[in-house]
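Data first, discussion second: the structure below is written as structure tokens.
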Amino acid sequence: MKATKIFLMAALALIFAACSNDDNNFTTQPAETNGEITITATVSSNDGAMTRALGVDGSNIASTWKDTDKFAILYNNGTEDTKSVATVKSINASTVTITFTIPATLANNTACTIVYPASAAKADNSGADVAAALATQDGTIGNCPEVRVGTATIDKTTHSLESVTKLAAQNAIFKFTLGSAIDNTHPLTIKDNSDAVITTVTPTSSTTEVYVALEPATSKYYKFSATTADNKIISKNSTATIAAGKFYQTTLACPALGDLYYSDGTYSTTLQAGKTAIGVIAYLGTDNYTENGTNVGGSTFVGHGLVLCLKNAASGVAWSTENVSKFLGQEVTNEVGLKRTENVSGYTNTATLTADAATAEKYPAAKAAKEYTTLAAPAGTTGWFLPSAQQWVKMQTGLGALYESSITWGYRFDHDHTAADKWEAALEKAGSVNYDSMTPHDSMEPQRDYWSSSESSVYRAVILNVNAAGTGENNGFLMLSNTKVDTYGLIRVRPVLAF
């Protein structure tokens with residue numbers, strides 16, 4: 001337990017007693033010694049019924065002072081900001097009596113700032129450095145700093161503090177229950193809504209329970225994420241209002257196949273009100289199928305899953321306007337090509353096909369995927385791209401739960417509706433008007449085709465064909481090649497992103 005504050009979980013509400021003016025009147029201390037004066041004062045915390053640290057289930061963290069606590073008393077000595085460190089003299093419930101010394105030459109009624117703990121004072125003694133104090137935490141309750149600040153005036157006549165304000169909390173405390181353990185090589189990263197890293201909390205041992213102190217937020221929200229010890233990813237966003245002195249409890253769950261994925265980078269099993277669903281999680285894995293290791297925006301991307309967009313970006317567009325190979329030697333023409341693990345980056349393919357404006361005009365399908373903005377991709381992802389043939393396969397074996405060994409080239413596989421129904425059921429979670437069906441059960445339109453970003457020859461590119469209306473061998477998925485310049489077959493563009 002860190003020697004700054006003990007935090008105890010309690011079922012009762014956290015109430016700090018109010019401090020009257022009489023609480024700050026004290027017996028005059030002995031005369032100055034060695035050019036210093038000893039000051040004694042009683043302070044308390046500024047937590048009342050409206051700001052006590054209540055959890056979502058009604059529990060709270062109760063705070064008590066400890067005799068080893070230290071407080072910083074910050075004031076200007078006439079030439080510069082300086083600091084005295086106060087120690088605990090006695091403790092009485094929610095109040096604590098502290099003592100410290102000041103130079104006898106200090107002007108009477110000098111204004112001061114009280115900072116708890118003393119280690120949270122700024123290096124130049126001008127106030128509290130909350131961010132620095134929070135940066136030292138390791139996720140345990142004993143090392144979860146609670147910074148508090150108050151003001152007063154130093155009365156040399158009574159050897160006390162006058163006009164003491166109660167010490168107001170400067171941060172909130174979160175308790176996270178994680179869906180999978182993190183450890184000292186898999187920390188919890190906390191960003192703001194601009195994706196700037198606020199702090200990284202690295203536990204000293206494997207844990208699924210983490211305490212984190214954060215500064216309040218009223219115009220931004222926090223994004224919590226971690227790659228767990230078993231290579232899963234967990235993430236969640238806070239609300240846009242985080243109040244100082246509050247205690248929040250939440251669960252950071254791992255994503256699951258079929259979860260809805262939102263424009264803020266979070267996900268859930270069922271549709272959440274007030275959020276914009278943009279896709280469904282169709283494949284999970286930390287591998288090159290999820291663009292892990294791909295250069296995205298000049299940085300190496302860490303991928304954990306593929307999100308299949310709820311909507312088509314285009315329909316009836318050609319793969320290219322000319323028959324020129326862009327990926328010579330990487331053609332996909334058979335089962336081996338469909339399942340190989342190299343050269344599977346749809347993001348890189350799309351970037352190559354849209355490298356500049358002139359090039360992009362020659363590759364309408366890739367251009368439509370990359371420039372799709374109706375459902376905005378969140379920061380921290382790859383953004384939308386045209387998936388490779390191999391990524392289409394992974395989404396069939398992921399969301400569709402097909403056996404990869406059954407996937408063949410040029411022949412229908414999965415001769416029932418099981419996989420197609422799984423895709424459709426996941427999309428339906430967003431609401432019937434919010435998605436484009438991929439698997440129609442309509443004899444008038446029994447099948448739909450979707451471009452991949454993979455070539456099969458100079459003249460042809462790979463498409464995914466989905467037939468969910470047929471029976472037997474006429475039903476299921478089909479991977480095959482199609483003429484690149486085809487604009488008559490209503491081949492669709494379905495964007496994908498990696499997160």
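Chain lettering (A, B, ...) mirrors the order of the structure tokens, residue numbering begins at 1 for each chain separately, and ligand numbering begins at 1 in order of display.
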
Closest contacts (stretch 188-230 of chain A/stretch 171-182 of chain A, max 12 Å, only C-alpha atoms) as JSON lines:
```
{"residue": "A:Leu188", "atom": "CA", "partner": "A:Ile182", "partner_atom": "CA", "distance": 7.4}
{"residue": "A:Thr189", "atom": "CA", "partner": "A:Ile182", "partner_atom": "CA", "distance": 11.0}
{"residue": "A:Ile190", "atom": "CA", "partner": "A:Phe174", "partner_atom": "CA", "distance": 11.7}
{"residue": "A:Val201", "atom": "CA", "partner": "A:Ile182", "partner_atom": "CA", "distance": 10.1}
{"residue": "A:Thr202", "atom": "CA", "partner": "A:Ile182", "partner_atom": "CA", "distance": 8.4}
{"residue": "A:Pro203", "atom": "CA", "partner": "A:Ile182", "partner_atom": "CA", "distance": 7.5}
{"residue": "A:Thr204", "atom": "CA", "partner": "A:Ile182", "partner_atom": "CA", "distance": 9.8}
{"residue": "A:Ser205", "atom": "CA", "partner": "A:Ile182", "partner_atom": "CA", "distance": 8.2}
{"residue": "A:Ser206", "atom": "CA", "partner": "A:Ile182", "partner_atom": "CA", "distance": 5.5}
{"residue": "A:Thr207", "atom": "CA", "partner": "A:Ala181", "partner_atom": "CA", "distance": 5.1}
{"residue": "A:Thr208", "atom": "CA", "partner": "A:Ala181", "partner_atom": "CA", "distance": 4.6}
{"residue": "A:Glu209", "atom": "CA", "partner": "A:Thr177", "partner_atom": "CA", "distance": 4.8}
{"residue": "A:Val210", "atom": "CA", "partner": "A:Phe176", "partner_atom": "CA", "distance": 5.1}
{"residue": "A:Tyr211", "atom": "CA", "partner": "A:Lys175", "partner_atom": "CA", "distance": 4.5}
{"residue": "A:Val212", "atom": "CA", "partner": "A:Phe174", "partner_atom": "CA", "distance": 5.1}
{"residue": "A:Ala213", "atom": "CA", "partner": "A:Ile173", "partner_atom": "CA", "distance": 4.4}
{"residue": "A:Leu214", "atom": "CA", "partner": "A:Asn171", "partner_atom": "CA", "distance": 5.3}
{"residue": "A:Glu215", "atom": "CA", "partner": "A:Asn171", "partner_atom": "CA", "distance": 4.4}
{"residue": "A:Pro216", "atom": "CA", "partner": "A:Asn171", "partner_atom": "CA", "distance": 5.6}
{"residue": "A:Ala217", "atom": "CA", "partner": "A:Asn171", "partner_atom": "CA", "distance": 9.4}
{"residue": "A:Tyr222", "atom": "CA", "partner": "A:Phe174", "partner_atom": "CA", "distance": 11.4}
{"residue": "A:Phe224", "atom": "CA", "partner": "A:Phe176", "partner_atom": "CA", "distance": 9.7}
{"residue": "A:Ser225", "atom": "CA", "partner": "A:Leu178", "partner_atom": "CA", "distance": 10.1}
{"residue": "A:Ala226", "atom": "CA", "partner": "A:Ile182", "partner_atom": "CA", "distance": 7.5}
{"residue": "A:Thr227", "atom": "CA", "partner": "A:Ile182", "partner_atom": "CA", "distance": 7.4}
{"residue": "A:Thr228", "atom": "CA", "partner": "A:Ile182", "partner_atom": "CA", "distance": 4.8}
{"residue": "A:Ala229", "atom": "CA", "partner": "A:Ile182", "partner_atom": "CA", "distance": 5.4}
{"residue": "A:Asp230", "atom": "CA", "partner": "A:Ser180", "partner_atom": "CA", "distance": 7.6}
```

**Item:** Spatial neighbours of stretch 115-117 of chain A, max dist 6 Å, only C-alpha atoms, sep filter under 5 positions, as a list in words
**Value:** Lys70, Phe71, Ala72, Val147, Arg148 and Val149 of chain A

**Request:** Going by DSSP on the backbone, which bits of stretch 147-228 of chain A are strand (DSSP E or B)? Write them as a VMD selection string, please.
**Result:** chain A and resid 148 to 155 160 to 162 167 to 169 172 to 182 188 to 192 197 to 201 207 to 214 217 222 to 227

**Nearby residues (only C-alpha atoms) at most 9 Å from A:Leu386, same-chain spacing under 3 positions excluded, as a list in words** =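 Within the cut-off, the hits are Gly346, Tyr347, Asn349, Thr350, Ala365, Ala366, Lys367, Ala368, Ala369, Lys370, Trp451, Ser452, Ser453, Val493, Arg494, Pro495, Val496 and Leu497 of chain A.
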
Which residues of stretch 387-440 of chain A come within 7 Å of stretch 464-485 of chain A, and what is each one's closest atom pair and distance in Å (one decimal), counting only C-alpha atoms, sorted by chain and residue number, as CSV?
```
residue,atom,partner,partner_atom,distance
A:Trp409,CA,A:Met479,CA,5.5
A:Gly410,CA,A:Leu480,CA,5.0
A:Tyr411,CA,A:Leu478,CA,5.9
A:Arg412,CA,A:Leu478,CA,4.7
A:Phe413,CA,A:Gly476,CA,5.6
A:Asp414,CA,A:Gly476,CA,5.0
A:His415,CA,A:Gly476,CA,5.1
A:Asp416,CA,A:Asn475,CA,6.2
A:His417,CA,A:Ala468,CA,6.0
A:Ala420,CA,A:Ala468,CA,6.4
A:Thr439,CA,A:Ala468,CA,5.5
A:Pro440,CA,A:Ala468,CA,5.9
```

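Rounded to one decimal, atom CA of A:Thr68 and atom CA of A:Phe100 lie 13.9 Å from each other.
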
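Picture a line from atom CA of A:Thr199 to atom CA of A:Ala169; it runs 18.9 Å.
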
**Asked** stretch 259-262 of chain A: which residues within 6 Å, counting only C-alpha atoms, same-chain residues fewer than 4 positions away excluded, as a count of residues only?
**Response** 10

For stretch 373-379 of chain A, find every residue with an atom within 7 Å (counting only C-alpha atoms), except residues of its own chain fewer than 6 positions away, and show them as a CSV table (one decimal) with all heavy atoms, in the first residue's frame.
```
chain,number,residue,atom,x,y,z
A,263,SER,N,-18.7,4.1,-34.7
A,263,SER,CA,-17.8,5.2,-35.2
A,263,SER,C,-16.8,5.7,-34.2
A,263,SER,O,-15.9,6.4,-34.6
A,263,SER,CB,-18.7,6.3,-35.8
A,263,SER,OG,-19.5,6.9,-34.7
A,264,ASP,N,-17.0,5.4,-32.9
A,264,ASP,CA,-16.1,5.8,-31.9
A,264,ASP,C,-15.1,4.8,-31.6
A,264,ASP,O,-14.3,4.9,-30.6
A,264,ASP,CB,-16.8,6.3,-30.6
A,264,ASP,CG,-17.6,5.2,-30.0
A,264,ASP,OD1,-17.6,4.0,-30.5
A,264,ASP,OD2,-18.3,5.5,-29.0
A,265,GLY,N,-15.1,3.6,-32.3
A,265,GLY,CA,-14.1,2.6,-32.1
A,265,GLY,C,-14.5,1.6,-31.0
A,265,GLY,O,-13.7,0.7,-30.7
A,278,ILE,N,-21.3,1.2,-37.6
A,278,ILE,CA,-20.7,1.3,-38.9
A,278,ILE,C,-20.4,0.0,-39.6
A,278,ILE,O,-20.2,-0.1,-40.8
A,278,ILE,CB,-19.5,2.2,-39.0
A,278,ILE,CG1,-18.3,1.6,-38.1
A,278,ILE,CG2,-19.8,3.6,-38.5
A,278,ILE,CD1,-17.0,2.3,-38.3
```

**Request:** Have a look at atom CA of A:His159 and atom CA of A:Val96 and let me know their distance in Å, one decimal.
**Result:**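 Interatomic distance here is 16.6 Å.
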
Could you give me the residues within stretch 16-229 of chain A that DSSP places in helix (DSSP H, G or I), as an mmCIF file with N, CA, C and O atoms, in the first residue's frame?
```cif
data_model
loop_
_atom_site.group_PDB
_atom_site.id
_atom_site.type_symbol
_atom_site.label_atom_id
_atom_site.label_comp_id
_atom_site.auth_asym_id
_atom_site.auth_seq_id
_atom_site.Cartn_x
_atom_site.Cartn_y
_atom_site.Cartn_z
ATOM 1 N N ASN A 21 -15.866 27.318 10.644
ATOM 2 C CA ASN A 21 -14.802 28.281 10.895
ATOM 3 C C ASN A 21 -14.064 27.968 12.185
ATOM 4 O O ASN A 21 -12.873 28.195 12.320
ATOM 5 N N ASP A 22 -14.801 27.436 13.183
ATOM 6 C CA ASP A 22 -14.172 27.111 14.459
ATOM 7 C C ASP A 22 -13.152 25.999 14.330
ATOM 8 O O ASP A 22 -12.256 25.866 15.154
ATOM 9 N N ASP A 23 -13.292 25.178 13.256
ATOM 10 C CA ASP A 23 -12.358 24.066 13.086
ATOM 11 C C ASP A 23 -10.945 24.559 12.841
ATOM 12 O O ASP A 23 -9.984 23.813 12.986
ATOM 13 N N ASN A 24 -10.777 25.806 12.449
ATOM 14 C CA ASN A 24 -9.462 26.292 12.071
ATOM 15 C C ASN A 24 -8.881 27.286 13.078
ATOM 16 O O ASN A 24 -8.002 28.068 12.754
ATOM 17 N N ALA A 118 2.088 15.476 -1.117
ATOM 18 C CA ALA A 118 3.164 16.434 -1.365
ATOM 19 C C ALA A 118 3.877 16.154 -2.677
ATOM 20 O O ALA A 118 4.341 17.071 -3.362
ATOM 21 N N SER A 119 3.929 14.891 -3.048
ATOM 22 C CA SER A 119 4.610 14.519 -4.294
ATOM 23 C C SER A 119 3.898 15.041 -5.533
ATOM 24 O O SER A 119 4.456 15.023 -6.629
ATOM 25 N N ALA A 120 2.645 15.514 -5.380
ATOM 26 C CA ALA A 120 1.897 16.018 -6.527
ATOM 27 C C ALA A 120 2.168 17.493 -6.794
ATOM 28 O O ALA A 120 1.612 18.062 -7.733
ATOM 29 N N VAL A 130 -1.118 17.463 -11.576
ATOM 30 C CA VAL A 130 -1.969 16.278 -11.503
ATOM 31 C C VAL A 130 -1.518 15.215 -12.503
ATOM 32 O O VAL A 130 -1.445 14.028 -12.190
ATOM 33 N N ALA A 131 -1.193 15.640 -13.713
ATOM 34 C CA ALA A 131 -0.804 14.685 -14.752
ATOM 35 C C ALA A 131 0.426 13.883 -14.339
ATOM 36 O O ALA A 131 0.495 12.672 -14.539
ATOM 37 N N ALA A 132 1.417 14.555 -13.753
ATOM 38 C CA ALA A 132 2.632 13.851 -13.325
ATOM 39 C C ALA A 132 2.325 12.856 -12.219
ATOM 40 O O ALA A 132 2.879 11.757 -12.183
ATOM 41 N N ALA A 133 1.445 13.244 -11.303
ATOM 42 C CA ALA A 133 1.083 12.343 -10.206
ATOM 43 C C ALA A 133 0.375 11.098 -10.735
ATOM 44 O O ALA A 133 0.632 9.982 -10.284
ATOM 45 N N LEU A 134 -0.492 11.289 -11.729
ATOM 46 C CA LEU A 134 -1.247 10.160 -12.264
ATOM 47 C C LEU A 134 -0.385 9.241 -13.123
ATOM 48 O O LEU A 134 -0.707 8.077 -13.312
ATOM 49 N N ILE A 141 -5.016 -0.543 -6.245
ATOM 50 C CA ILE A 141 -5.729 0.413 -5.421
ATOM 51 C C ILE A 141 -4.763 1.160 -4.498
ATOM 52 O O ILE A 141 -4.964 2.333 -4.191
ATOM 53 N N GLY A 142 -3.682 0.502 -4.104
ATOM 54 C CA GLY A 142 -2.723 1.149 -3.221
ATOM 55 C C GLY A 142 -1.868 2.185 -3.902
ATOM 56 O O GLY A 142 -1.252 3.016 -3.239
ATOM 57 N N ASN A 143 -1.818 2.139 -5.220
ATOM 58 C CA ASN A 143 -1.019 3.120 -5.968
ATOM 59 C C ASN A 143 -1.914 3.872 -6.949
ATOM 60 O O ASN A 143 -1.545 4.129 -8.080
#
```

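Near A:Val317, within a cut-off of 8 Å and counting only C-alpha atoms, sit the residues Pro364, Ala365, Asp486, Thr487, Leu490, Ile491, Arg492 and Val493 of chain A, with same-chain residues fewer than 5 positions away left out.
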